[in-house]
>>> print(open('data-v2.tsv').read())   # TSV, C-alpha atoms
chain	number	residue	atom	x	y	z
A	6	MET	CA	-0.42	27.63	46.47
A	7	ILE	CA	-3.33	27.93	44.04
A	8	LEU	CA	-2.42	26.75	40.55
A	9	PRO	CA	-3.81	28.78	37.63
A	10	MET	CA	-6.81	27.34	35.78
A	11	LYS	CA	-5.79	25.66	32.52
A	12	LYS	CA	-7.51	26.89	29.40
A	13	ILE	CA	-8.24	24.19	26.84
A	14	CYS	CA	-9.40	24.42	23.23
A	15	ILE	CA	-10.71	21.27	21.52
A	16	THR	CA	-11.04	20.93	17.74
A	17	THR	CA	-13.14	17.97	16.59
A	18	LEU	CA	-12.88	16.48	13.11
A	19	GLY	CA	-15.00	13.75	11.54
A	20	CYS	CA	-18.29	12.28	12.64
A	21	ASP	CA	-20.79	12.94	15.40
A	22	LYS	CA	-19.39	9.97	17.35
A	23	ASN	CA	-16.10	11.88	17.54
A	24	ARG	CA	-18.03	14.92	18.71
A	25	ALA	CA	-19.52	12.86	21.54
A	26	ASP	CA	-16.00	11.73	22.54
A	27	SER	CA	-14.77	15.34	22.60
A	28	GLU	CA	-17.74	16.33	24.75
A	29	THR	CA	-16.89	13.50	27.16
A	30	LEU	CA	-13.28	14.66	27.42
A	31	ALA	CA	-14.41	18.28	27.89
A	32	GLY	CA	-16.67	17.19	30.74
A	33	TYR	CA	-13.79	15.52	32.58
A	34	LEU	CA	-11.55	18.53	32.02
A	35	GLN	CA	-14.13	21.03	33.20
A	36	ARG	CA	-14.77	19.04	36.38
A	37	ALA	CA	-11.00	19.09	36.99
A	38	GLY	CA	-11.15	22.89	37.02
A	39	CYS	CA	-10.19	23.63	33.43
A	40	GLN	CA	-11.78	26.37	31.36
A	41	MET	CA	-12.88	25.49	27.83
A	42	VAL	CA	-12.06	28.23	25.29
A	43	ALA	CA	-12.98	28.64	21.62
A	44	ASP	CA	-9.72	30.15	20.34
A	45	ASP	CA	-6.36	28.35	20.16
A	46	ALA	CA	-4.62	31.65	20.87
A	47	ASP	CA	-6.17	31.71	24.36
A	48	ALA	CA	-5.38	28.08	25.21
A	49	ASP	CA	-2.77	26.46	27.43
A	50	ILE	CA	-3.61	23.07	25.91
A	51	ILE	CA	-4.84	22.48	22.36
A	52	VAL	CA	-6.57	19.17	21.65
A	53	VAL	CA	-7.23	17.87	18.13
A	54	ASN	CA	-9.67	14.94	18.00
A	55	THR	CA	-8.94	13.46	14.59
A	56	CYS	CA	-10.73	11.41	11.95
A	57	GLY	CA	-8.82	8.60	10.28
A	58	PHE	CA	-11.54	6.73	8.43
A	59	ILE	CA	-10.23	7.40	4.91
A	60	ASN	CA	-7.14	9.00	3.41
A	61	SER	CA	-8.74	12.40	2.77
A	62	ALA	CA	-9.83	12.55	6.42
A	63	ARG	CA	-6.32	11.70	7.58
A	64	GLN	CA	-4.89	14.42	5.36
A	65	GLU	CA	-7.35	16.94	6.82
A	66	SER	CA	-6.33	15.83	10.32
A	67	ILE	CA	-2.63	16.24	9.59
A	68	GLU	CA	-3.22	19.69	8.05
A	69	CYS	CA	-5.19	20.72	11.12
A	70	ILE	CA	-2.45	19.51	13.48
A	71	THR	CA	0.19	21.33	11.44
A	72	GLU	CA	-1.79	24.56	11.58
A	73	LYS	CA	-1.84	24.34	15.38
A	74	LEU	CA	1.98	24.35	15.59
A	75	ILE	CA	2.08	28.15	15.49
A	76	HIS	CA	0.67	28.08	19.04
A	77	LYS	CA	3.40	25.85	20.48
A	78	SER	CA	5.05	28.82	22.18
A	79	HIS	CA	2.17	29.08	24.65
A	80	ALA	CA	0.31	25.77	24.49
A	81	GLN	CA	0.79	22.02	24.66
A	82	LEU	CA	-0.53	20.11	21.66
A	83	VAL	CA	-2.52	16.92	22.19
A	84	VAL	CA	-3.71	14.69	19.35
A	85	CYS	CA	-6.28	11.95	19.92
A	86	GLY	CA	-8.89	10.05	17.94
A	87	CYS	CA	-9.08	7.75	14.96
A	88	ILE	CA	-5.87	8.71	13.15
A	89	VAL	CA	-3.70	7.54	16.04
A	90	PRO	CA	-4.20	3.75	16.47
A	91	ASN	CA	-3.00	2.66	13.02
A	92	HIS	CA	-0.52	5.48	12.31
A	93	ARG	CA	1.15	6.32	15.62
A	94	GLN	CA	4.73	5.55	14.57
A	95	GLU	CA	4.81	7.62	11.37
A	96	LEU	CA	2.87	10.42	13.05
A	97	THR	CA	5.27	10.55	15.98
A	98	GLU	CA	8.23	10.66	13.61
A	99	GLY	CA	6.66	13.24	11.30
A	100	LEU	CA	5.21	15.50	14.00
A	101	PRO	CA	7.63	15.44	16.95
A	102	GLU	CA	6.17	18.75	18.15
A	103	VAL	CA	3.04	16.98	19.41
A	104	ASP	CA	3.24	16.59	23.19
A	105	VAL	CA	0.69	13.80	23.67
A	106	TRP	CA	-0.67	11.13	21.32
A	107	TRP	CA	-3.84	9.43	22.53
A	108	GLU	CA	-6.14	6.89	20.89
A	109	THR	CA	-9.94	6.63	21.00
A	110	LYS	CA	-10.81	5.45	24.50
A	111	ASN	CA	-10.18	6.12	28.20
A	112	TYR	CA	-10.71	9.87	28.05
A	113	GLU	CA	-10.85	10.04	31.83
A	114	GLN	CA	-7.21	8.88	31.86
A	115	LEU	CA	-6.29	11.53	29.28
A	116	ALA	CA	-7.94	14.15	31.48
A	117	GLU	CA	-5.91	12.93	34.45
A	118	LEU	CA	-2.72	13.13	32.41
A	119	LEU	CA	-3.44	16.71	31.30
A	120	THR	CA	-4.59	18.03	34.67
A	121	GLY	CA	-2.72	15.93	37.21
A	122	LYS	CA	-6.02	15.32	39.00
A	123	LYS	CA	-8.11	12.19	39.45
A	124	ALA	CA	-10.95	12.21	36.93
A	125	GLU	CA	-14.34	12.93	38.45
A	126	ALA	CA	-17.32	11.03	37.05
A	127	GLY	CA	-20.08	13.11	35.53
A	128	ASN	CA	-21.77	14.22	32.34
A	129	LYS	CA	-20.21	15.39	29.11
A	130	LEU	CA	-20.10	19.04	28.11
A	131	LEU	CA	-22.59	19.88	25.35
A	132	SER	CA	-21.05	21.37	22.18
A	133	THR	CA	-24.14	21.28	19.95
A	134	PRO	CA	-26.94	23.85	20.03
A	135	SER	CA	-29.23	23.28	23.00
A	136	SER	CA	-31.90	21.90	20.65
A	137	TYR	CA	-30.25	18.48	20.31
A	138	VAL	CA	-27.52	16.22	21.65
A	139	TYR	CA	-25.70	13.22	20.17
A	140	VAL	CA	-25.87	10.23	22.50
A	141	LYS	CA	-23.21	7.65	21.73
A	142	ILE	CA	-24.74	4.33	22.76
A	143	ALA	CA	-21.87	2.01	21.76
A	144	ASP	CA	-18.33	2.03	20.41
A	145	GLY	CA	-16.48	-0.24	18.01
A	146	CYS	CA	-17.77	-2.65	15.39
A	147	ASN	CA	-17.92	-6.44	14.94
A	148	ARG	CA	-18.48	-6.30	11.19
A	149	CYS	CA	-15.76	-7.04	8.67
A	150	CYS	CA	-16.74	-4.82	5.76
A	151	ALA	CA	-14.07	-5.10	3.09
A	152	PHE	CA	-13.60	-1.33	2.75
A	153	CYS	CA	-13.66	-0.27	6.40
A	154	THR	CA	-10.88	0.38	8.92
A	155	ILE	CA	-13.14	1.08	11.91
A	156	PRO	CA	-12.75	-2.34	13.65
A	157	SER	CA	-8.97	-1.93	13.62
A	158	ILE	CA	-9.33	1.62	14.98
A	159	ARG	CA	-12.16	1.25	17.48
A	160	GLY	CA	-12.10	-2.45	18.35
A	161	LYS	CA	-15.01	-4.78	19.05
A	162	TYR	CA	-18.57	-3.57	19.53
A	163	CYS	CA	-19.14	-2.43	23.11
A	164	SER	CA	-22.56	-1.22	24.28
A	165	ARG	CA	-23.09	1.23	27.11
A	166	SER	CA	-25.58	0.10	29.73
A	167	ILE	CA	-29.14	1.35	29.51
A	168	GLU	CA	-28.71	2.82	33.01
A	169	ASP	CA	-25.65	4.82	31.93
A	170	ILE	CA	-27.31	6.13	28.75
A	171	VAL	CA	-30.54	7.05	30.54
A	172	GLY	CA	-28.50	8.90	33.16
A	173	GLU	CA	-26.94	11.05	30.42
A	174	VAL	CA	-30.30	11.65	28.77
A	175	ARG	CA	-31.93	12.61	32.06
A	176	HIS	CA	-29.19	15.15	32.74
A	177	PHE	CA	-29.72	16.94	29.42
A	178	ALA	CA	-33.51	16.64	29.65
A	179	GLU	CA	-33.34	18.51	32.96
A	180	LEU	CA	-31.39	21.23	31.11
A	181	GLY	CA	-34.21	21.46	28.56
A	182	VAL	CA	-32.66	19.68	25.56
A	183	PRO	CA	-35.59	18.25	23.54
A	184	GLU	CA	-33.93	15.93	20.97
A	185	TYR	CA	-31.60	12.92	21.38
A	186	ILE	CA	-29.78	11.49	18.37
A	187	LEU	CA	-28.56	7.96	19.03
A	188	VAL	CA	-25.29	7.16	17.28
A	189	ALA	CA	-22.87	4.23	17.04
A	190	GLN	CA	-21.11	2.38	14.24
A	191	ASP	CA	-24.27	0.24	14.19
A	192	VAL	CA	-27.15	1.48	16.32
A	193	THR	CA	-29.30	-1.56	15.52
A	194	MET	CA	-26.72	-3.91	17.08
A	195	TYR	CA	-27.10	-2.17	20.42
A	196	GLY	CA	-27.23	-4.53	23.39
A	197	VAL	CA	-26.11	-7.69	21.60
A	198	ASP	CA	-23.10	-7.89	23.94
A	199	ILE	CA	-24.91	-7.06	27.20
A	200	GLY	CA	-28.17	-8.97	26.88
A	201	THR	CA	-30.57	-6.25	25.81
A	202	ASP	CA	-31.69	-4.52	22.59
A	203	LEU	CA	-32.46	-1.21	20.94
A	204	VAL	CA	-36.22	-1.46	21.57
A	205	SER	CA	-35.61	-1.71	25.32
A	206	LEU	CA	-33.30	1.29	25.14
A	207	LEU	CA	-35.87	3.35	23.19
A	208	LYS	CA	-38.56	2.58	25.75
A	209	ALA	CA	-36.26	3.60	28.61
A	210	ILE	CA	-35.11	6.87	26.98
A	211	THR	CA	-38.57	8.00	25.91
A	212	ALA	CA	-39.87	7.41	29.43
A	213	VAL	CA	-37.59	10.22	30.70
A	214	ASP	CA	-39.47	13.44	31.44
A	215	GLY	CA	-38.54	16.18	28.99
A	216	VAL	CA	-37.51	13.93	26.11
A	217	LYS	CA	-39.52	15.08	23.12
A	218	ARG	CA	-37.70	13.34	20.28
A	219	VAL	CA	-35.31	10.41	19.82
A	220	ARG	CA	-33.70	9.93	16.40
A	221	LEU	CA	-31.81	6.90	15.08
A	222	HIS	CA	-28.68	7.04	12.92
A	223	TYR	CA	-26.67	4.20	11.32
A	224	CYS	CA	-29.29	1.42	11.27
A	225	TYR	CA	-28.06	-1.59	9.33
A	226	PRO	CA	-30.71	-2.93	6.93
A	227	GLU	CA	-30.62	-6.58	8.03
A	228	LEU	CA	-31.25	-5.61	11.67
A	229	LEU	CA	-34.33	-3.48	11.01
A	230	THR	CA	-36.67	-6.05	12.53
A	231	ASP	CA	-40.45	-5.88	12.65
A	232	LYS	CA	-40.18	-5.45	16.43
A	233	LEU	CA	-37.99	-2.36	16.04
A	234	LEU	CA	-40.07	-0.89	13.22
A	235	LYS	CA	-43.27	-1.29	15.22
A	236	GLU	CA	-41.67	0.43	18.21
A	237	ILE	CA	-40.69	3.37	16.02
A	238	ALA	CA	-44.21	3.48	14.58
A	239	GLU	CA	-46.02	3.29	17.91
A	240	ASN	CA	-43.72	5.35	20.14
A	241	ASP	CA	-44.76	8.99	19.75
A	242	ASN	CA	-41.39	10.25	20.96
A	243	VAL	CA	-39.32	8.36	18.39
A	244	VAL	CA	-38.86	10.43	15.23
A	245	LYS	CA	-40.17	8.70	12.11
A	246	TYR	CA	-36.74	8.83	10.52
A	247	LEU	CA	-34.11	6.19	9.73
A	248	ASP	CA	-30.55	6.53	8.51
A	249	ILE	CA	-29.58	3.30	6.71
A	250	PRO	CA	-26.07	2.63	5.33
A	251	PHE	CA	-27.12	0.57	2.32
A	252	GLN	CA	-23.79	1.36	0.54
A	253	HIS	CA	-24.95	-0.29	-2.70
A	254	CYS	CA	-27.74	-2.43	-4.09
A	255	ASN	CA	-25.95	-4.82	-6.46
A	256	GLU	CA	-25.74	-8.29	-4.91
A	257	ARG	CA	-22.23	-9.07	-6.22
A	258	ILE	CA	-20.80	-5.76	-5.02
A	259	LEU	CA	-22.46	-6.09	-1.64
A	260	LYS	CA	-21.04	-9.59	-1.23
A	261	LEU	CA	-17.55	-8.31	-2.10
A	262	MET	CA	-18.07	-5.57	0.50
A	263	GLY	CA	-18.75	-8.25	3.09
A	264	ARG	CA	-22.39	-7.28	3.34
A	265	ARG	CA	-25.71	-8.91	2.55
A	266	GLY	CA	-28.53	-7.71	0.35
A	267	SER	CA	-29.61	-6.96	-3.19
A	268	ALA	CA	-31.74	-4.43	-5.05
A	269	GLU	CA	-34.78	-6.67	-4.67
A	270	ILE	CA	-34.19	-7.27	-0.95
A	271	TYR	CA	-33.66	-3.58	-0.28
A	272	GLN	CA	-36.69	-2.57	-2.33
A	273	LYS	CA	-38.83	-4.93	-0.26
A	274	LEU	CA	-37.32	-3.57	2.94
A	275	VAL	CA	-38.05	0.04	1.97
A	276	HIS	CA	-41.62	-0.94	1.07
A	277	LYS	CA	-42.05	-2.71	4.43
A	278	ILE	CA	-40.65	0.21	6.40
A	279	ARG	CA	-43.00	2.63	4.66
A	280	SER	CA	-45.99	0.34	5.19
A	281	ILE	CA	-45.30	-0.07	8.92
A	282	ILE	CA	-44.33	3.58	9.45
A	283	PRO	CA	-46.34	5.73	7.00
A	284	GLY	CA	-44.67	9.04	6.19
A	285	ILE	CA	-41.26	7.99	7.48
A	286	THR	CA	-38.18	9.85	6.23
A	287	LEU	CA	-35.43	7.59	4.91
A	288	ARG	CA	-31.82	8.67	4.64
A	289	ALA	CA	-29.07	6.42	3.27
A	290	THR	CA	-25.38	6.34	2.42
A	291	MET	CA	-24.19	4.95	-0.90
A	292	MET	CA	-20.73	4.19	-2.26
A	293	VAL	CA	-19.65	4.35	-5.90
A	294	GLY	CA	-16.50	2.98	-7.45
A	295	PHE	CA	-16.00	-0.02	-5.17
A	296	PRO	CA	-13.32	-2.30	-6.70
A	297	THR	CA	-14.51	-4.10	-9.86
A	298	GLU	CA	-17.80	-2.15	-9.98
A	299	THR	CA	-18.92	-2.22	-13.62
A	300	GLU	CA	-20.91	0.43	-15.45
A	301	THR	CA	-23.89	-1.93	-15.46
A	302	GLU	CA	-23.67	-2.40	-11.68
A	303	PHE	CA	-23.39	1.34	-11.17
A	304	ASN	CA	-26.47	1.86	-13.35
A	305	GLU	CA	-28.32	-0.66	-11.19
A	306	LEU	CA	-27.65	1.62	-8.25
A	307	VAL	CA	-28.98	4.59	-10.22
A	308	ASP	CA	-32.12	2.64	-11.12
A	309	PHE	CA	-32.56	1.61	-7.48
A	310	LEU	CA	-32.51	5.23	-6.32
A	311	GLN	CA	-34.95	6.31	-9.01
A	312	ASP	CA	-37.26	3.48	-8.01
A	313	VAL	CA	-37.32	3.78	-4.20
A	314	LYS	CA	-36.91	7.59	-4.07
A	315	LEU	CA	-35.16	7.91	-0.73
A	316	ASP	CA	-35.56	11.28	0.96
A	317	TYR	CA	-31.88	12.00	1.54
A	318	VAL	CA	-28.71	10.22	0.44
A	319	GLY	CA	-25.08	10.82	1.27
A	320	PHE	CA	-22.71	9.66	-1.48
A	321	PHE	CA	-19.01	9.00	-1.39
A	322	ALA	CA	-16.46	7.49	-3.72
A	323	TYR	CA	-14.63	4.38	-2.55
A	324	SER	CA	-11.32	5.12	-0.84
A	325	ARG	CA	-8.56	2.50	-1.02
A	326	GLU	CA	-7.37	1.94	2.54
A	327	PRO	CA	-4.31	-0.13	3.57
A	328	GLY	CA	-5.18	-3.04	5.81
A	329	THR	CA	-8.62	-3.62	4.30
A	330	VAL	CA	-9.68	-6.62	2.23
A	331	SER	CA	-10.61	-4.43	-0.74
A	332	TYR	CA	-7.15	-2.84	-0.91
A	333	SER	CA	-5.80	-5.72	-3.01
A	334	MET	CA	-8.82	-5.92	-5.33
A	335	GLU	CA	-8.87	-4.56	-8.89
A	336	GLN	CA	-9.46	-0.82	-8.50
A	337	VAL	CA	-11.82	1.41	-10.45
A	338	LYS	CA	-9.99	4.37	-12.01
A	339	ALA	CA	-10.18	7.62	-10.07
A	340	VAL	CA	-11.62	9.53	-13.03
A	341	VAL	CA	-14.40	6.94	-13.36
A	342	LYS	CA	-15.21	7.19	-9.66
A	343	ARG	CA	-15.44	10.97	-9.90
A	344	GLU	CA	-17.76	10.80	-12.91
A	345	ARG	CA	-20.01	8.23	-11.25
A	346	LEU	CA	-20.19	10.34	-8.11
A	347	LYS	CA	-21.26	13.40	-10.12
A	348	THR	CA	-23.83	11.38	-12.05
A	349	ILE	CA	-25.50	9.82	-9.04
A	350	GLU	CA	-25.54	13.08	-7.09
A	351	LYS	CA	-27.44	14.69	-9.97
A	352	VAL	CA	-29.92	11.80	-9.99
A	353	GLN	CA	-30.65	12.22	-6.29
A	354	GLN	CA	-30.83	16.00	-6.60
A	355	LYS	CA	-33.66	15.65	-9.13
A	356	ILE	CA	-35.51	13.40	-6.68
A	357	LEU	CA	-34.97	15.92	-3.90
A	358	ASP	CA	-36.06	18.84	-6.10
A	359	ALA	CA	-39.30	17.03	-6.94
A	360	LYS	CA	-39.89	16.35	-3.25
A	361	HIS	CA	-39.37	20.01	-2.36
A	362	LYS	CA	-41.63	21.14	-5.20
A	363	SER	CA	-44.44	18.88	-3.97
A	364	GLU	CA	-44.11	20.33	-0.46
A	365	LYS	CA	-44.36	23.96	-1.56
A	366	GLY	CA	-47.14	25.74	0.34
A	367	CYS	CA	-47.35	23.06	3.02
A	368	VAL	CA	-47.52	24.11	6.66
A	369	VAL	CA	-44.86	22.27	8.67
A	370	ARG	CA	-43.53	22.32	12.20
A	371	VAL	CA	-39.84	23.17	12.58
A	372	VAL	CA	-37.34	23.31	15.42
A	373	CYS	CA	-34.85	26.19	15.60
A	374	ASP	CA	-31.16	25.27	15.95
A	375	ALA	CA	-29.59	28.73	15.72
A	376	VAL	CA	-30.33	32.42	15.15
A	377	VAL	CA	-27.50	34.43	13.55
A	378	ASN	CA	-27.79	38.02	12.31
A	379	GLY	CA	-31.56	37.90	12.22
A	380	VAL	CA	-31.73	34.57	10.36
A	381	ALA	CA	-33.01	31.42	12.06
A	382	ARG	CA	-31.59	28.05	10.99
A	383	CYS	CA	-34.41	25.54	11.36
A	384	ARG	CA	-35.35	22.03	10.30
A	385	THR	CA	-38.44	19.89	10.18
A	386	PHE	CA	-38.55	16.67	12.16
A	387	ALA	CA	-37.83	14.95	8.83
A	388	GLN	CA	-34.38	16.57	8.79
A	389	SER	CA	-31.46	15.61	10.97
A	390	PRO	CA	-28.98	18.34	11.94
A	391	GLU	CA	-25.68	18.69	10.08
A	392	VAL	CA	-26.39	16.00	7.45
A	393	ASP	CA	-29.74	16.97	5.91
A	394	PRO	CA	-30.85	20.24	4.27
A	395	CYS	CA	-32.11	22.93	6.63
A	396	ILE	CA	-34.51	25.87	6.38
A	397	TYR	CA	-33.43	29.50	6.79
A	398	ILE	CA	-36.00	31.99	8.01
A	399	ASP	CA	-35.80	35.79	8.15
A	400	VAL	CA	-36.88	36.35	11.74
A	401	SER	CA	-37.81	39.99	11.06
A	402	LYS	CA	-40.69	38.81	8.88
A	403	GLN	CA	-42.14	36.51	11.56
A	404	LEU	CA	-44.88	37.36	14.04
A	405	GLU	CA	-42.97	35.85	16.96
A	406	PRO	CA	-39.28	35.72	17.94
A	407	PHE	CA	-37.40	32.48	17.24
A	408	ASP	CA	-35.47	30.87	20.11
A	409	VAL	CA	-33.03	27.95	19.92
A	410	GLY	CA	-34.91	24.76	20.75
A	411	GLY	CA	-38.28	26.34	20.09
A	412	GLU	CA	-40.85	24.80	17.75
A	413	TYR	CA	-42.73	26.87	15.18
A	414	GLU	CA	-45.20	26.43	12.34
A	415	ILE	CA	-44.12	27.81	8.97
A	416	THR	CA	-45.30	27.66	5.38
A	417	LEU	CA	-42.76	26.19	2.96
A	418	ALA	CA	-41.94	28.53	0.10
>>> encode(input="data-v2.tsv", output="structure tokens")
Amino acid sequence: MILPMKKICITTLGCDKNRADSETLAGYLQRAGCQMVADDADADIIVVNTCGFINSARQESIECITEKLIHKSHAQLVVCGCIVPNHRQELTEGLPEVDVWWETKNYEQLAELLTGKKAEAGNKLLSTPSSYVYVKIADGCNRCCAFCTIPSIRGKYCSRSIEDIVGEVRHFAELGVPEYILVAQDVTMYGVDIGTDLVSLLKAITAVDGVKRVRLHYCYPELLTDKLLKEIAENDNVVKYLDIPFQHCNERILKLMGRRGSAEIYQKLVHKIRSIIPGITLRATMMVGFPTETETEFNELVDFLQDVKLDYVGFFAYSREPGTVSYSMEQVKAVVKRERLKTIEKVQQKILDAKHKSEKGCVVRVVCDAVVNGVARCRTFAQSPEVDPCIYIDVSKQLEPFDVGGEYEITLA
């Protein structure tokens, strides 16, 4: 008897590391004979890969799960990801309709559970445009940042082998994917647990035929060594781009966060990076409203941004999370956090506006990520997909057609 092919729809919430996990699960399921579908209404199994990093993300995850319940008449509901490890009991009690609760690892075992077949090794199923792929090089985190729940969700830092990563990269390079975005909770810590390092990994990946660009996300400031910076500078296939989670610049706040640094140390680091890698694009994440943050300390962060003029910055207000060290600290009022977030976003927007104004009329090379209704969504190599601004181009006004993954020269308006 031939069993019907199961149709599976996966919804992914949260970060690009979650996306990579969903792609891994989809690969196992497809090899087991399942068909991946885009609409819950067509699915036999609905999977929600959740984010549980902060309260607002958990609320979004719960709302998403609840919305899927209308499909219970024809589909099983599976919930996995970061919301599960620390909240399984209350979730199980509050959402008894969910058929399977799964955590953040062992997706081959989840695939076996859902299909009744032994998981077959192989590559993940790409869910991004064919112009780039997220390559998850490690999972977990060894740091004890006072505001973060990731170690309790994901466990200790665990690097993939260079051989395993290169095998994944080679597969997608053979399919014509040009760009590889390396992600982990801390990319710069790669290899510390298996006797290698990020520089060795970069050399191995960029030696693969077809790899045009490798981009680094989540590079902790204290691990941006001269050796790594020189490799980025000298390796033509490594994008001159760094994403650095500074979080703050005030020494007292950073120490309370369980991190090291100061405005002076970070200013020197930014100067060194720019001197070793001229023209590099720097992206950062910054937090406002960490417990006990004073107005003076917040203003120090504003001054820091105005001084170093980072290219892109992602801001977020501190979220009080149970189980973290900062939960019991004196909290900054919500209204103050909101006002500080608005203020600092305006400061960075002025910096970004000035940057864009200075680039007007420049000829730049862009890569195309999508073409929808005659409009191409593109980005320069100084822009990372999904987090940085992008460039929209009316294809009808161009001399040549735009294809996903293609590179084109344009004049910035």
>>> closest_atom_pairs(input="data-v2.tsv", of="range 299-348 of chain A", to="range 234-253 of chain A", cutoff="12 Å", atoms="only C-alpha atoms", output="JSON lines")
{"residue": "A:Glu302", "atom": "CA", "partner": "A:His253", "partner_atom": "CA", "distance": 9.3}
{"residue": "A:Phe303", "atom": "CA", "partner": "A:His253", "partner_atom": "CA", "distance": 8.8}
{"residue": "A:Asn304", "atom": "CA", "partner": "A:His253", "partner_atom": "CA", "distance": 11.0}
{"residue": "A:Glu305", "atom": "CA", "partner": "A:His253", "partner_atom": "CA", "distance": 9.1}
{"residue": "A:Leu306", "atom": "CA", "partner": "A:His253", "partner_atom": "CA", "distance": 6.5}
{"residue": "A:Val307", "atom": "CA", "partner": "A:His253", "partner_atom": "CA", "distance": 9.8}
{"residue": "A:Asp308", "atom": "CA", "partner": "A:His253", "partner_atom": "CA", "distance": 11.4}
{"residue": "A:Phe309", "atom": "CA", "partner": "A:His253", "partner_atom": "CA", "distance": 9.2}
{"residue": "A:Leu310", "atom": "CA", "partner": "A:His253", "partner_atom": "CA", "distance": 10.0}
{"residue": "A:Leu315", "atom": "CA", "partner": "A:Ile249", "partner_atom": "CA", "distance": 10.4}
{"residue": "A:Asp316", "atom": "CA", "partner": "A:Tyr246", "partner_atom": "CA", "distance": 9.9}
{"residue": "A:Tyr317", "atom": "CA", "partner": "A:Asp248", "partner_atom": "CA", "distance": 9.0}
{"residue": "A:Val318", "atom": "CA", "partner": "A:Asp248", "partner_atom": "CA", "distance": 9.1}
{"residue": "A:Gly319", "atom": "CA", "partner": "A:Pro250", "partner_atom": "CA", "distance": 9.2}
{"residue": "A:Phe320", "atom": "CA", "partner": "A:Gln252", "partner_atom": "CA", "distance": 8.6}
{"residue": "A:Phe321", "atom": "CA", "partner": "A:Gln252", "partner_atom": "CA", "distance": 9.2}
{"residue": "A:Ala322", "atom": "CA", "partner": "A:Gln252", "partner_atom": "CA", "distance": 10.5}
{"residue": "A:Tyr323", "atom": "CA", "partner": "A:Gln252", "partner_atom": "CA", "distance": 10.1}
>>> closest_residue(input="data-v2.tsv", among="A:Val330, A:Ala43, A:Ile67, A:Leu417", to="Leu96 in chain A", atoms="only C-alpha atoms")
A:Ile67
>>> atom_distance(input="data-v2.tsv", atom1="CA of Leu100 in chain A", atom2="CA of Gly160 in chain A")
25.3 Å
>>> closest_residue(input="data-v2.tsv", among="A:Ala143, A:Ile59, A:Leu187, A:Val293", to="His222 in chain A", atoms="all atoms listed in the file")
A:Leu187
>>> residues_around(input="data-v2.tsv", residues="Arg265 in chain A", least_positions_apart="5", cutoff="12 Å", atoms="all atoms listed in the file", output="list in words")
Arg148, Cys149, Cys150, Tyr225, Pro226, Glu227, Leu228, Pro250, Phe251, Gln252, His253, Cys254, Asn255, Glu256, Arg257, Ile258, Leu259, Lys260, Ile270 and Tyr271 of chain A
>>> residues_around(input="data-v2.tsv", residues="Leu357 in chain A", least_positions_apart="2", cutoff="12 Å", atoms="all atoms listed in the file", output="count of residues only")
22
>>> residues_around(input="data-v2.tsv", residues="range 167-181 of chain A", least_positions_apart="6", cutoff="8 Å", atoms="only C-alpha atoms", output="JSON, numbers by chain")
{"A": [128, 135, 140, 142, 206, 209, 210, 213, 214, 215, 216]}
>>> atom_distance(input="data-v2.tsv", atom1="CA of Ser61 in chain A", atom2="CA of Val105 in chain A")
23.0 Å
>>> atom_distance(input="data-v2.tsv", atom1="CA of Glu405 in chain A", atom2="CA of Arg384 in chain A")
17.1 Å
